[in-house]
Each structure stands twice: as structure tokens, then as C-alpha cells.
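Chemist: Next comes the structure file upload.txt, holding compact mmCIF, C-alpha atoms.
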# COMPACT_ATOMS: atom_id res chain seq x y z
CA MET L 1 0.00 0.00 0.00
CA SER L 2 1.37 3.41 -0.94
CA LYS L 3 1.72 5.88 1.90
CA ASN L 4 2.04 9.61 2.16
CA GLY L 5 5.70 10.46 1.92
CA LEU L 6 5.48 13.94 3.32
CA HIS L 7 3.63 14.91 6.52
CA LEU L 8 2.81 18.47 7.52
CA ILE L 9 3.71 18.81 11.20
CA THR L 10 1.86 21.07 13.61
CA PRO L 11 4.09 22.70 16.21
CA LEU L 12 3.26 21.87 19.82
CA SER L 13 3.61 25.58 20.49
CA ILE L 14 5.17 28.69 19.02
CA ALA L 15 6.89 31.73 20.46
CA TYR L 16 7.77 34.97 18.72
CA ASN L 17 9.05 38.45 19.31
CA GLY L 18 9.40 41.74 17.54
CA GLY L 19 9.30 45.47 17.88
CA GLY L 20 5.74 45.73 19.10
CA SER L 21 3.46 44.94 16.14
CA GLN L 22 4.42 41.30 15.84
CA THR L 23 1.89 38.50 15.40
CA ALA L 24 2.13 34.78 14.76
CA THR L 25 -0.50 32.08 14.62
CA ILE L 26 -0.75 28.41 13.81
CA ASP L 27 -3.40 28.01 11.13
CA GLY L 28 -5.83 25.16 10.76
CA ASN L 29 -3.46 22.99 8.70
CA GLY L 30 -0.45 23.41 10.96
CA SER L 31 1.65 26.00 9.18
CA VAL L 32 2.60 29.21 10.95
CA VAL L 33 1.75 32.66 9.64
CA PHE L 34 3.74 35.55 11.07
CA GLN L 35 3.95 39.32 10.68
CA ASN L 36 6.60 41.84 11.72
CA CYS L 37 8.64 39.39 13.75
CA TRP L 38 12.29 39.43 14.63
CA SER L 39 12.07 35.75 15.37
CA VAL L 40 9.56 32.89 15.29
CA SER L 41 10.16 29.68 17.21
CA LEU L 42 8.43 26.39 16.41
CA ASN L 43 8.51 23.90 19.27
CA GLY L 44 7.94 20.19 18.94
CA VAL L 45 8.24 19.94 15.14
CA PHE L 46 11.15 17.49 15.24
CA SER L 47 10.55 14.07 16.76
CA GLU L 48 11.54 10.43 16.59
CA ASP L 49 8.96 9.92 13.84
CA TYR L 50 11.28 11.35 11.16
CA ASP L 51 14.98 11.67 10.52
CA ASN L 52 14.75 14.37 7.85
CA TYR L 53 12.49 17.34 7.26
CA MET L 54 11.56 19.79 4.54
CA ILE L 55 10.73 23.36 5.56
CA VAL L 56 8.98 25.66 3.11
CA LYS L 57 9.01 29.36 3.92
CA SER L 58 7.90 32.37 1.94
CA GLY L 59 7.35 36.02 2.68
CA ASN L 60 9.22 39.29 2.81
CA ILE L 61 11.36 41.44 5.02
CA SER L 62 11.21 45.12 5.91
CA SER L 63 14.75 45.84 4.69
CA GLU L 64 16.59 44.79 1.56
CA TYR L 65 18.98 41.87 1.57
CA VAL L 66 18.64 40.35 4.97
CA ILE L 67 19.72 36.85 5.84
CA THR L 68 17.11 34.64 7.50
CA GLY L 69 18.76 32.33 10.01
CA PHE L 70 18.05 29.05 11.77
CA ARG L 71 18.86 27.92 15.29
CA PRO L 72 17.84 24.49 16.55
CA ARG L 73 16.22 24.37 19.96
CA SER L 74 15.41 21.85 22.62
CA SER L 75 12.64 22.26 25.18
CA GLY L 76 12.18 25.85 24.17
CA VAL L 77 15.82 26.92 24.34
CA ASP L 78 17.89 27.90 21.28
CA ASP L 79 21.54 27.07 20.84
CA THR L 80 23.00 30.58 20.64
CA GLU L 81 26.65 29.56 20.83
CA THR L 82 29.24 29.59 18.04
CA ASN L 83 28.46 26.08 16.87
CA TYR L 84 27.55 26.80 13.25
CA ARG L 85 29.40 26.56 9.95
CA TRP L 86 28.01 27.49 6.55
CA GLN L 87 28.67 27.91 2.85
CA ARG L 88 26.77 30.25 0.56
CA LEU L 89 26.45 30.32 -3.23
CA ALA L 90 24.73 33.34 -4.74
CA ALA L 91 24.03 34.59 -8.25
CA VAL L 92 23.07 38.24 -8.68
CA GLY L 93 23.01 39.26 -12.32
CA VAL L 94 26.24 37.93 -13.83
CA VAL L 95 28.02 37.89 -10.51
CA VAL L 96 28.49 34.52 -8.87
CA ALA L 97 29.84 34.62 -5.37
CA GLY L 98 30.64 32.05 -2.78
CA GLN L 99 31.27 32.69 0.86
CA GLY L 100 31.97 30.35 3.70
CA GLN L 101 32.27 30.47 7.44
CA THR L 102 33.98 27.43 8.88
CA SER L 103 33.71 28.38 12.55
CA GLY L 104 32.56 30.93 15.07
CA THR L 105 29.05 31.84 13.93
CA THR L 106 25.86 31.73 15.99
CA ILE L 107 23.26 31.01 13.30
CA ALA L 108 22.85 28.86 10.20
CA PRO L 109 21.73 31.08 7.30
CA ILE L 110 18.86 29.57 5.33
CA GLY L 111 17.80 32.33 2.97
CA SER L 112 18.29 35.89 1.86
CA TRP L 113 15.14 37.92 1.45
CA GLY L 114 14.37 41.22 -0.22
CA SER L 115 11.73 43.76 0.67
CA ASN L 116 9.20 42.64 -1.94
CA ILE L 117 6.79 39.89 -1.01
CA ASN L 118 8.06 37.31 -3.45
CA ASN L 119 10.83 35.47 -1.61
CA GLY L 120 10.82 31.75 -0.95
CA ASP L 121 13.06 28.98 0.31
CA VAL L 122 12.91 25.21 0.59
CA VAL L 123 15.14 24.06 3.44
CA TYR L 124 16.11 20.43 3.97
CA VAL L 125 17.10 19.56 7.55
CA TYR L 126 18.90 16.28 8.08
CA GLY L 127 18.84 14.58 11.47
CA PRO L 128 17.85 17.37 13.91
CA TYR L 129 16.20 15.05 16.43
CA LEU L 130 18.98 12.46 16.30
CA THR L 131 21.83 12.73 18.76
CA GLN L 132 24.29 13.77 16.08
CA THR L 133 25.33 16.88 14.22
CA THR L 134 22.64 18.46 12.02
CA ALA L 135 23.00 19.36 8.34
CA LEU L 136 20.90 21.84 6.37
CA ARG L 137 20.58 22.67 2.67
CA SER L 138 18.55 25.64 1.53
CA VAL L 139 17.59 26.60 -2.02
CA GLY L 140 15.87 29.90 -2.45
CA VAL L 141 14.66 32.77 -4.57
CA SER L 142 15.02 36.36 -3.44
CA SER L 143 13.50 39.60 -4.61
CA TYR L 144 16.74 41.36 -3.70
CA ASP L 145 18.02 43.32 -6.73
CA SER L 146 14.78 42.37 -8.49
CA VAL L 147 15.70 38.67 -8.59
CA SER L 148 18.62 36.72 -7.21
CA LEU L 149 19.55 33.17 -6.31
CA TRP L 150 20.74 32.19 -2.85
CA ASP L 151 21.75 28.70 -1.79
CA PHE L 152 23.13 27.72 1.58
CA ALA L 153 24.62 24.59 3.08
CA SER L 154 25.01 24.69 6.86
CA MET L 155 26.20 22.46 9.65
CA HIS L 156 25.44 22.58 13.34
CA ASN L 157 28.26 20.75 15.00
CA LEU L 158 26.85 19.74 18.38
CA THR L 159 25.97 16.09 18.93
CA ALA L 160 22.59 16.78 20.46
CA SER L 161 18.88 16.21 19.85
CA TYR L 162 16.57 19.10 19.02
CA ASP L 163 12.78 19.22 18.93
CA GLY L 164 12.32 22.61 17.31
CA PHE L 165 13.95 25.63 15.75
CA THR L 166 13.87 29.38 15.58
CA LEU L 167 13.70 31.38 12.38
CA LEU L 168 15.30 34.76 12.91
CA ASN L 169 17.22 37.63 11.42
CA ALA L 170 19.59 40.13 12.95
CA VAL L 171 18.39 43.49 11.74
CA SER L 172 14.89 43.51 10.33
CA GLU L 173 11.31 42.29 10.66
CA ILE L 174 10.11 39.29 8.70
CA SER L 175 6.59 38.38 7.63
CA GLY L 176 5.30 35.30 5.90
CA ARG L 177 4.39 31.67 6.29
CA ILE L 178 6.42 28.65 7.29
CA ALA L 179 5.49 24.96 7.10
CA VAL L 180 7.47 21.96 8.36
CA TYR L 181 7.10 18.53 6.72
CA GLY L 182 8.43 15.26 8.03
CA MET L 183 9.80 13.00 5.32
CA ARG L 184 8.63 9.46 5.90
CA LYS L 185 11.51 7.02 6.48
CA MET Q 1 -5.38 9.23 10.31
CA PRO Q 2 -4.90 9.74 14.05
CA LEU Q 3 -5.74 13.05 15.64
CA VAL Q 4 -2.71 14.91 16.92
CA THR Q 5 -3.74 16.52 20.18
CA SER Q 6 -2.06 19.43 21.85
CA ARG Q 7 0.14 18.60 24.79
CA ALA Q 8 1.01 20.66 27.80
CA ASN Q 9 3.95 22.86 27.04
CA SER Q 10 5.23 25.98 28.62
CA PRO Q 11 7.02 28.19 26.11
CA ALA Q 12 9.42 30.70 27.55
CA TYR Q 13 7.93 34.06 28.40
CA GLY Q 14 10.01 37.14 28.65
CA LEU Q 15 10.00 40.79 27.86
CA GLY Q 16 8.56 41.28 24.37
CA TRP Q 17 7.79 37.55 23.85
CA SER Q 18 4.37 36.14 23.16
CA ALA Q 19 3.14 32.60 22.72
CA ALA Q 20 0.13 31.16 20.88
CA SER Q 21 -2.02 28.15 21.80
CA VAL Q 22 -2.16 25.03 19.64
CA PRO Q 23 -5.40 23.92 18.00
CA GLU Q 24 -6.19 20.25 17.67
CA VAL Q 25 -5.61 19.30 14.04
CA GLU Q 26 -5.66 16.08 12.08
CA GLU Q 27 -2.35 14.79 10.77
CA LEU Q 28 -2.20 15.64 7.07
CA GLY Q 29 -0.31 14.40 4.04
CA GLY Q 30 2.01 17.20 3.06
CA MET Q 31 1.78 17.21 -0.69
CA VAL Q 32 -1.29 16.76 -2.88
CA LEU Q 33 -1.18 16.07 -6.61
CA VAL Q 34 -3.50 18.62 -8.21
CA THR Q 35 -5.51 17.63 -11.28
CA PRO Q 36 -5.94 20.45 -13.80
CA THR Q 37 -9.53 21.49 -14.39
CA SER Q 38 -8.59 21.50 -18.07
CA ILE Q 39 -5.56 21.63 -20.33
CA ALA Q 40 -4.80 23.31 -23.64
CA TYR Q 41 -1.95 22.59 -25.98
CA SER Q 42 -0.45 23.22 -29.38
CA GLY Q 43 1.18 20.33 -31.14
CA THR Q 44 0.76 16.58 -31.26
CA SER Q 45 -0.86 15.53 -27.99
CA ALA Q 46 -1.44 16.09 -24.28
CA SER Q 47 -3.64 14.28 -21.82
CA ILE Q 48 -4.43 14.19 -18.12
CA GLY Q 49 -3.62 10.86 -16.48
CA ALA Q 50 -5.75 9.08 -13.91
CA ASN Q 51 -3.80 10.54 -10.97
CA GLY Q 52 -3.74 14.09 -12.32
CA SER Q 53 -0.34 14.36 -14.00
CA VAL Q 54 -0.19 15.35 -17.66
CA THR Q 55 1.78 13.67 -20.44
CA PHE Q 56 2.58 15.75 -23.47
CA ASN Q 57 4.21 16.02 -26.89
CA CYS Q 58 3.64 19.59 -27.91
CA THR Q 59 4.98 23.07 -28.59
CA SER Q 60 3.11 24.54 -25.62
CA LEU Q 61 1.10 23.13 -22.78
CA SER Q 62 -1.28 25.01 -20.47
CA LEU Q 63 -2.56 23.65 -17.20
CA ASN Q 64 -5.70 25.41 -16.01
CA GLY Q 65 -7.01 25.39 -12.48
CA VAL Q 66 -3.89 23.96 -10.80
CA PHE Q 67 -3.46 26.96 -8.50
CA ASN Q 68 -6.27 27.69 -6.07
CA SER Q 69 -7.12 28.96 -2.61
CA ASN Q 70 -6.23 25.62 -0.98
CA TYR Q 71 -2.49 26.23 -1.18
CA ASP Q 72 -0.11 29.15 -1.14
CA ASN Q 73 2.90 27.28 -2.52
CA TYR Q 74 3.38 24.49 -5.05
CA LEU Q 75 5.95 22.00 -6.27
CA ILE Q 76 6.03 21.10 -9.97
CA SER Q 77 7.94 18.07 -11.20
CA ILE Q 78 8.74 17.72 -14.91
CA ARG Q 79 10.56 15.08 -16.89
CA ARG Q 80 11.05 16.09 -20.50
CA LYS Q 81 13.21 16.23 -23.57
CA ASN Q 82 13.22 18.40 -26.65
CA GLN Q 83 12.24 16.91 -29.97
CA ILE Q 84 15.33 18.55 -31.44
CA GLY Q 85 18.12 20.74 -30.19
CA ASP Q 86 19.00 22.47 -26.95
CA TYR Q 87 16.37 25.08 -26.23
CA ALA Q 88 15.38 26.48 -22.88
CA LEU Q 89 12.09 25.75 -21.17
CA ARG Q 90 9.89 28.78 -20.58
CA ALA Q 91 6.73 29.46 -18.59
CA ARG Q 92 3.98 31.99 -18.15
CA LEU Q 93 1.43 32.31 -15.39
CA ARG Q 94 -2.19 32.38 -16.51
CA GLN Q 95 -5.65 33.28 -15.27
CA SER Q 96 -8.95 32.05 -16.70
CA GLY Q 97 -7.21 30.59 -19.70
CA VAL Q 98 -5.14 33.67 -20.58
CA ASP Q 99 -1.36 33.86 -20.18
CA ASP Q 100 0.18 36.92 -18.59
CA GLN Q 101 2.51 38.30 -21.27
CA THR Q 102 3.10 41.70 -19.67
CA THR Q 103 6.26 43.19 -21.13
CA ASN Q 104 9.35 42.52 -19.01
CA SER Q 105 7.29 41.37 -16.06
CA TYR Q 106 9.35 38.20 -15.54
CA ALA Q 107 12.91 38.61 -14.26
CA SER Q 108 14.94 35.40 -14.53
CA GLN Q 109 18.32 34.68 -12.92
CA VAL Q 110 20.30 31.55 -13.72
CA LEU Q 111 23.34 29.88 -12.20
CA TYR Q 112 25.01 27.14 -14.25
CA ALA Q 113 27.66 24.55 -13.61
CA TYR Q 114 28.96 22.35 -16.42
CA ASN Q 115 32.03 20.73 -17.94
CA ASN Q 116 33.99 20.29 -14.70
CA ALA Q 117 34.91 23.82 -13.62
CA ASN Q 118 32.61 26.05 -15.62
CA VAL Q 119 30.29 28.23 -13.52
CA ALA Q 120 28.35 31.11 -14.97
CA ALA Q 121 25.37 33.31 -14.25
CA SER Q 122 23.11 35.59 -16.22
CA ARG Q 123 19.90 37.53 -15.95
CA SER Q 124 17.10 38.46 -18.32
CA THR Q 125 13.71 40.14 -18.31
CA ASN Q 126 11.01 39.08 -20.70
CA ASN Q 127 7.31 38.45 -21.06
CA TYR Q 128 8.04 34.86 -20.03
CA ALA Q 129 10.01 33.08 -17.32
CA ASP Q 130 13.06 30.96 -18.10
CA ILE Q 131 12.82 27.85 -15.93
CA GLY Q 132 15.11 25.19 -17.39
CA ASN Q 133 17.57 23.98 -19.97
CA ALA Q 134 17.01 21.02 -22.25
CA ASP Q 135 18.40 18.80 -24.94
CA ALA Q 136 17.11 15.97 -27.05
CA ILE Q 137 17.66 13.41 -24.29
CA GLU Q 138 16.00 13.26 -20.89
CA ASN Q 139 16.01 16.24 -18.54
CA GLY Q 140 14.30 16.86 -15.22
CA ASP Q 141 13.04 19.91 -13.34
CA THR Q 142 11.79 20.50 -9.83
CA LEU Q 143 10.08 23.85 -9.69
CA SER Q 144 8.84 25.57 -6.53
CA VAL Q 145 6.20 28.22 -7.08
CA PHE Q 146 5.52 30.65 -4.23
CA GLY Q 147 2.18 32.43 -4.02
CA PRO Q 148 0.78 32.20 -7.59
CA TYR Q 149 -2.86 32.29 -6.55
CA LEU Q 150 -2.37 35.14 -4.09
CA ALA Q 151 -2.86 38.68 -5.38
CA GLN Q 152 0.82 39.49 -4.97
CA PRO Q 153 4.01 39.06 -7.03
CA THR Q 154 5.00 35.43 -7.58
CA ALA Q 155 8.40 33.81 -7.09
CA LEU Q 156 9.66 30.64 -8.74
CA ARG Q 157 12.73 28.47 -8.05
CA SER Q 158 13.72 25.74 -10.49
CA MET Q 159 16.44 23.14 -10.29
CA THR Q 160 17.21 21.41 -13.56
CA GLY Q 161 19.30 18.39 -14.32
CA SER Q 162 19.90 18.77 -18.01
CA SER Q 163 21.59 16.81 -20.73
CA GLU Q 164 22.57 20.05 -22.46
CA LEU Q 165 26.36 20.47 -22.39
CA GLY Q 166 26.22 16.91 -21.02
CA PRO Q 167 25.39 17.12 -18.10
CA LEU Q 168 24.44 20.54 -16.78
CA ILE Q 169 23.32 21.79 -13.37
CA SER Q 170 21.14 24.81 -13.86
CA ASN Q 171 19.42 26.71 -11.12
CA TRP Q 172 16.81 29.28 -12.06
CA VAL Q 173 14.97 31.84 -10.03
CA VAL Q 174 12.21 34.05 -11.33
CA THR Q 175 10.26 36.92 -9.87
CA HIS Q 176 7.07 38.04 -11.57
CA ASN Q 177 6.15 41.60 -10.71
CA GLN Q 178 2.38 41.61 -11.22
CA SER Q 179 0.20 41.69 -8.08
CA ALA Q 180 -2.39 39.40 -9.60
CA SER Q 181 -3.88 36.00 -8.91
CA TYR Q 182 -3.15 33.14 -11.29
CA ASP Q 183 -4.87 29.78 -11.54
CA GLY Q 184 -2.64 28.09 -14.08
CA ILE Q 185 0.66 27.90 -15.87
CA THR Q 186 1.85 27.42 -19.45
CA ILE Q 187 5.15 25.78 -20.33
CA PHE Q 188 6.76 25.96 -23.76
CA PRO Q 189 10.22 25.52 -25.29
CA GLY Q 190 12.17 28.27 -26.98
CA PHE Q 191 11.86 26.25 -30.17
CA SER Q 192 10.58 22.86 -31.31
CA SER Q 193 8.46 20.49 -29.22
CA ILE Q 194 8.80 19.05 -25.76
CA ILE Q 195 7.92 15.50 -24.78
CA GLY Q 196 7.37 14.32 -21.23
CA LEU Q 197 5.27 14.42 -18.06
CA ILE Q 198 4.39 17.19 -15.64
CA ALA Q 199 2.81 16.98 -12.18
CA VAL Q 200 1.71 19.86 -9.96
CA TYR Q 201 1.60 19.37 -6.19
CA GLY Q 202 0.00 21.66 -3.68
CA LEU Q 203 1.98 21.93 -0.46
CA VAL Q 204 -0.50 21.45 2.36
CA GLY Q 205 -0.32 24.32 4.78
CA ALA Q 206 2.24 26.21 2.73
Go ahead and express the file in the form of C-alpha cells.
Modeler:
Amino acid sequence: MSKNGLHLITPLSIAYNGGGSQTATIDGNGSVVFQNCWSVSLNGVFSEDYDNYMIVKSGNISSEYVITGFRPRSSGVDDTETNYRWQRLAAVGVVVAGQGQTSGTTIAPIGSWGSNINNGDVVYVYGPYLTQTTALRSVGVSSYDSVSLWDFASMHNLTASYDGFTLLNAVSEISGRIAVYGMRK
Amino acid sequence: MPLVTSRANSPAYGLGWSAASVPEVEELGGMVLVTPTSIAYSGTSASIGANGSVTFNCTSLSLNGVFNSNYDNYLISIRRKNQIGDYALRARLRQSGVDDQTTNSYASQVLYAYNNANVAASRSTNNYADIGNADAIENGDTLSVFGPYLAQPTALRSMTGSSELGPLISNWVVTHNQSASYDGITIFPGFSSIIGLIAVYGLVGA
């Protein structure tokens, strides 16, 4: 019998913050819609049911060219230490640029959004709930400079289990929708 | 499908933080194959299969009614080849059977990798979106479409595995600048015919 290969996961709870006009809600299907947030945390989306996950996020940001970042969390607490490494590949016009950070960063970048509404990323998260390091791969489209391509590969190098994550950025407010899918194993 | 009930949880509260309660929801499949309400094509043939995917051998193929209020975002999977030559795959969004051909409304950015160390990028604006490369042997695309049915600009992200320049990684992103709602999409090659299968999936909750 064929089975669904992708399951939309409803967070057990969410938490969010911002500059005062922030909102976030879990809608009837289980995705999270948020407005004017500095960060949105989804608790209980990673579990023993799945090894790997696909996160789909779309929306916009109040400033141009702002990185959206990821921090895994356990029992409502983010890892805010310098445990992240990442590699970026971007194409803006005819310019192709790579950039890497092999140590000493406190977030995993998973997208670069512009100020127009049409930004989107698909983020694959490998093994967040397992007691091992976590890998991420993000492929995205950005409205920055009209249109630009931003891909990220990130590693979180702690051997620990996480049941959620926080989507955040350093300098601006983000608005949009995020959905987390477990990939049947 | 079992009901997933909310469980007691105490998110952290602090200055400026807020938390929302969790409604009881039924566990859902995450991706739904959407059957077009109708199709239109130019060329030899196109037909909707029993599950909702569409096989084709044509110079253009339009899928009507694949975008709707049920989903914000979609995944489109295409396997295809060109009848002759290496011509790019293009697309236009459509509403009520009419393609949007607004001048320079589609901005396309591509990143290529081929022939060991060759990497290149380019950008174009047209009345169509560039979404893939192709050759006369099999190619594949996975295309994410963000917000086509919403009355806002649409974004697309395509990853192509192409036989052109044997083989070729091509990554495409497109932004469409019209704040309009679209219920369908047309795909067509730059020249000649395309042969293959296309499936449109709505992402549940996204």
C-alpha cells in the first residue's frame, strides 16, 4: 500500500518576538503565519517519527537583503553559541559569489530575502532530532536586486537532539508563512 | 489518520515575547497532486492521467485550475526532452485561460555549472520566465512556485538536471512583478516540441 511520503507537522507551540506589532498564529493545517517578527520559534516539530524534514518558507522582510537564520532548539531553548558553519552560493546578475564560514558563527543562514513579497526557500534539515550533528541545505529565490539566487549549506556541530527551531534575522522584521514537513523514512 | 492533540507545554515568556495556543488538528499528508480542471496545448498531444499528472508532446502546454485557494505554494515536477536541439524551457502564469505576457514582467536569474569547472550566471527580463535547460535526451526539473494564486508578485525556483552540455546543473529563479492571482501555468520551449510528463503538487499548509 502506498503511503504519504510527506507529513505536515503542527508545532506543539510557538513563540515569537518583535518590535511591538508582531503576530504569529498556527493556522488550521499546521503551518505558521507571522507578521513583523524578529524571530519565530516552532517547538515540537522534530521528533523520533522522522529523521529528515523539509521546511517551506515564503514572505518578505522590511529591509533589503537580509539573511534569515536558523537555530535548533530543545525544550524551548535555542543554541545561541558559536556552533555553526556554513557555505553560501549566490548569483546576482552575472556575478556569482561564494562565501563560507567554517567556525565561530551563531546562526545557520537559510535564505536571503528582499523587501518585496516574493521570496521563498525550501530548506532540507537532516537529522535534527537524532543525537548527532545536524545538516541543512537551503535553495531559495530572493526579490533582492529584483531577482537573485541564494543557496546555503550549513552544519550545526553539536551532537545533540533538538525538537524545534527558531527562524530569525539580525536586523529587520520578517513576515510570511512557514510549514514543516516530516519526510517518511 | 490519528488526531494529533495538543500537549502541555510551557514556552518561555520574557520581555517582548508572546506565545500562541495550539489547536487540535488532524495529521495531514504534506503534498497533494493537483488535477488540472482543463488543459490546452499546441502540437501533437497532451492528456491528463488518472492521478492528475499530464503527459505531453507539444509546442506549448497550459494547465488550467492547478493553483487555487487551498495552497499558497506548489511543487512542480517535470521530466522532458526536446524533440530537437538544446532550447530552454519557458513558462507563463495564466488566469482564466489567458497567459500573462506583460512586457518585461518576468525577471529570470540563472546559475550554471557544467564541464567540470565552468560556472556562470546571467539575468534576463522578458514576457516569459526561463525555468530550465534542455536537450534531445531526458532532462528533469523540480520547480517551486511561491504564491501564484495570491494577489501578490509570484516567485519561482527551479532546479534542472539537463543533458545540455552533457550534463548541466542549472538553477533558475524568477520573480514576476504583477500583483495578480493566477490559476494556471503554461510551459513551452524556446523552439521545437517538448515531450514528457508534468505533475503539480499543492503543499499542504504552505
Chemist: Hey, list the chain L side of the contact with chain Q: 7 Å cut-off, all atoms listed in the file, answer as a PyMOL selection string.
Modeler: chain L and resi 4+6-8+12-18+25-26+28-31+56+58+76+91+93-96+117-120+140-141+143+147-149+177-179+181
Chemist: Return the single residue from Q:Leu75, Q:Leu143, Q:Ala46, Q:Gln178 that is closest to Asn104 of chain Q, with distances computed using only C-alpha atoms.
Modeler: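 When distances to Asn104 of chain Q are compared using only C-alpha atoms, the smallest one comes from Q:Gln178.
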Chemist: If I take atom CA of Ser96 of chain Q and atom CA of Ser60 of chain Q, how far is one from the other in Å, to one decimal?
Modeler: 16.8 Å
Chemist: What gap, in Å, lies between atom CA of Ser62 of chain Q and atom CA of Phe188 of chain Q?
Modeler: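 These atoms are spaced 8.7 Å apart.
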Chemist: Record the distance separating atom CA of Gln99 of chain L and atom CA of Gly114 of chain L, expressed in Å with one decimal.
Modeler: 19.0 Å
Chemist: Fewer than 4 positions away in the same chain doesn't count, so skip those; otherwise give me all residues within 10 Å of Gly49 of chain Q, counting all atoms listed in the file, as a list in words.
Modeler: Thr35, Ser53, Val54, Thr55, Leu197 and Ala199 of chain Q
Chemist: Set the distance at 10 Å and use only C-alpha atoms: which residues neighbour Cys37 of chain L once local chain neighbours fewer than 6 positions away are removed? I'd like the list as a PDB file with C-alpha atoms, in the coordinates of the input.
Modeler:
ATOM      1  CA  TYR L  16       7.770  34.970  18.720  1.00  0.00           C
ATOM      2  CA  ASN L  17       9.050  38.450  19.310  1.00  0.00           C
ATOM      3  CA  GLY L  18       9.400  41.740  17.540  1.00  0.00           C
ATOM      4  CA  GLY L  19       9.300  45.470  17.880  1.00  0.00           C
ATOM      5  CA  GLY L  20       5.740  45.730  19.100  1.00  0.00           C
ATOM      6  CA  SER L  21       3.460  44.940  16.140  1.00  0.00           C
ATOM      7  CA  GLN L  22       4.420  41.300  15.840  1.00  0.00           C
ATOM      8  CA  THR L  23       1.890  38.500  15.400  1.00  0.00           C
ATOM      9  CA  ALA L  24       2.130  34.780  14.760  1.00  0.00           C
ATOM     10  CA  ILE L  61      11.360  41.440   5.020  1.00  0.00           C
ATOM     11  CA  LEU L 167      13.700  31.380  12.380  1.00  0.00           C
ATOM     12  CA  LEU L 168      15.300  34.760  12.910  1.00  0.00           C
ATOM     13  CA  ASN L 169      17.220  37.630  11.420  1.00  0.00           C
ATOM     14  CA  SER L 172      14.890  43.510  10.330  1.00  0.00           C
ATOM     15  CA  GLU L 173      11.310  42.290  10.660  1.00  0.00           C
ATOM     16  CA  ILE L 174      10.110  39.290   8.700  1.00  0.00           C
ATOM     17  CA  SER L 175       6.590  38.380   7.630  1.00  0.00           C
ATOM     18  CA  GLY L 176       5.300  35.300   5.900  1.00  0.00           C
TER      19      GLY L 176
END
Chemist: Given the point (32.6, 32.1, 6.9) in the coordinates of this file, which residues lie within 8 Å, counting all atoms listed in the file, and how would they look as number ranges by chain?
Modeler: L: 85-87, 99-103, 105
Chemist: With only C-alpha atoms as the atoms that count, which of L:Val33, L:Ile9, L:Ile67, L:Asn60 lies nearest to Val171 of chain L?
Modeler: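 Between L:Val33, L:Ile9, L:Ile67, L:Asn60, the residue approaching Val171 of chain L most closely is L:Ile67.
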Chemist: Smallest atom-to-atom distance to Asp100 of chain Q: which of Q:Thr44, Q:Ser69, Q:Asn126, Q:Asn57, using only C-alpha atoms?
Modeler: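 The shortest atom-to-atom distance to Asp100 of chain Q comes from Q:Asn126.
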Chemist: What's the 7 Å shell around Thr159 of chain L, counting only C-alpha atoms, without same-chain residues fewer than 5 positions away, as number ranges by chain?
Modeler: L: 131-133
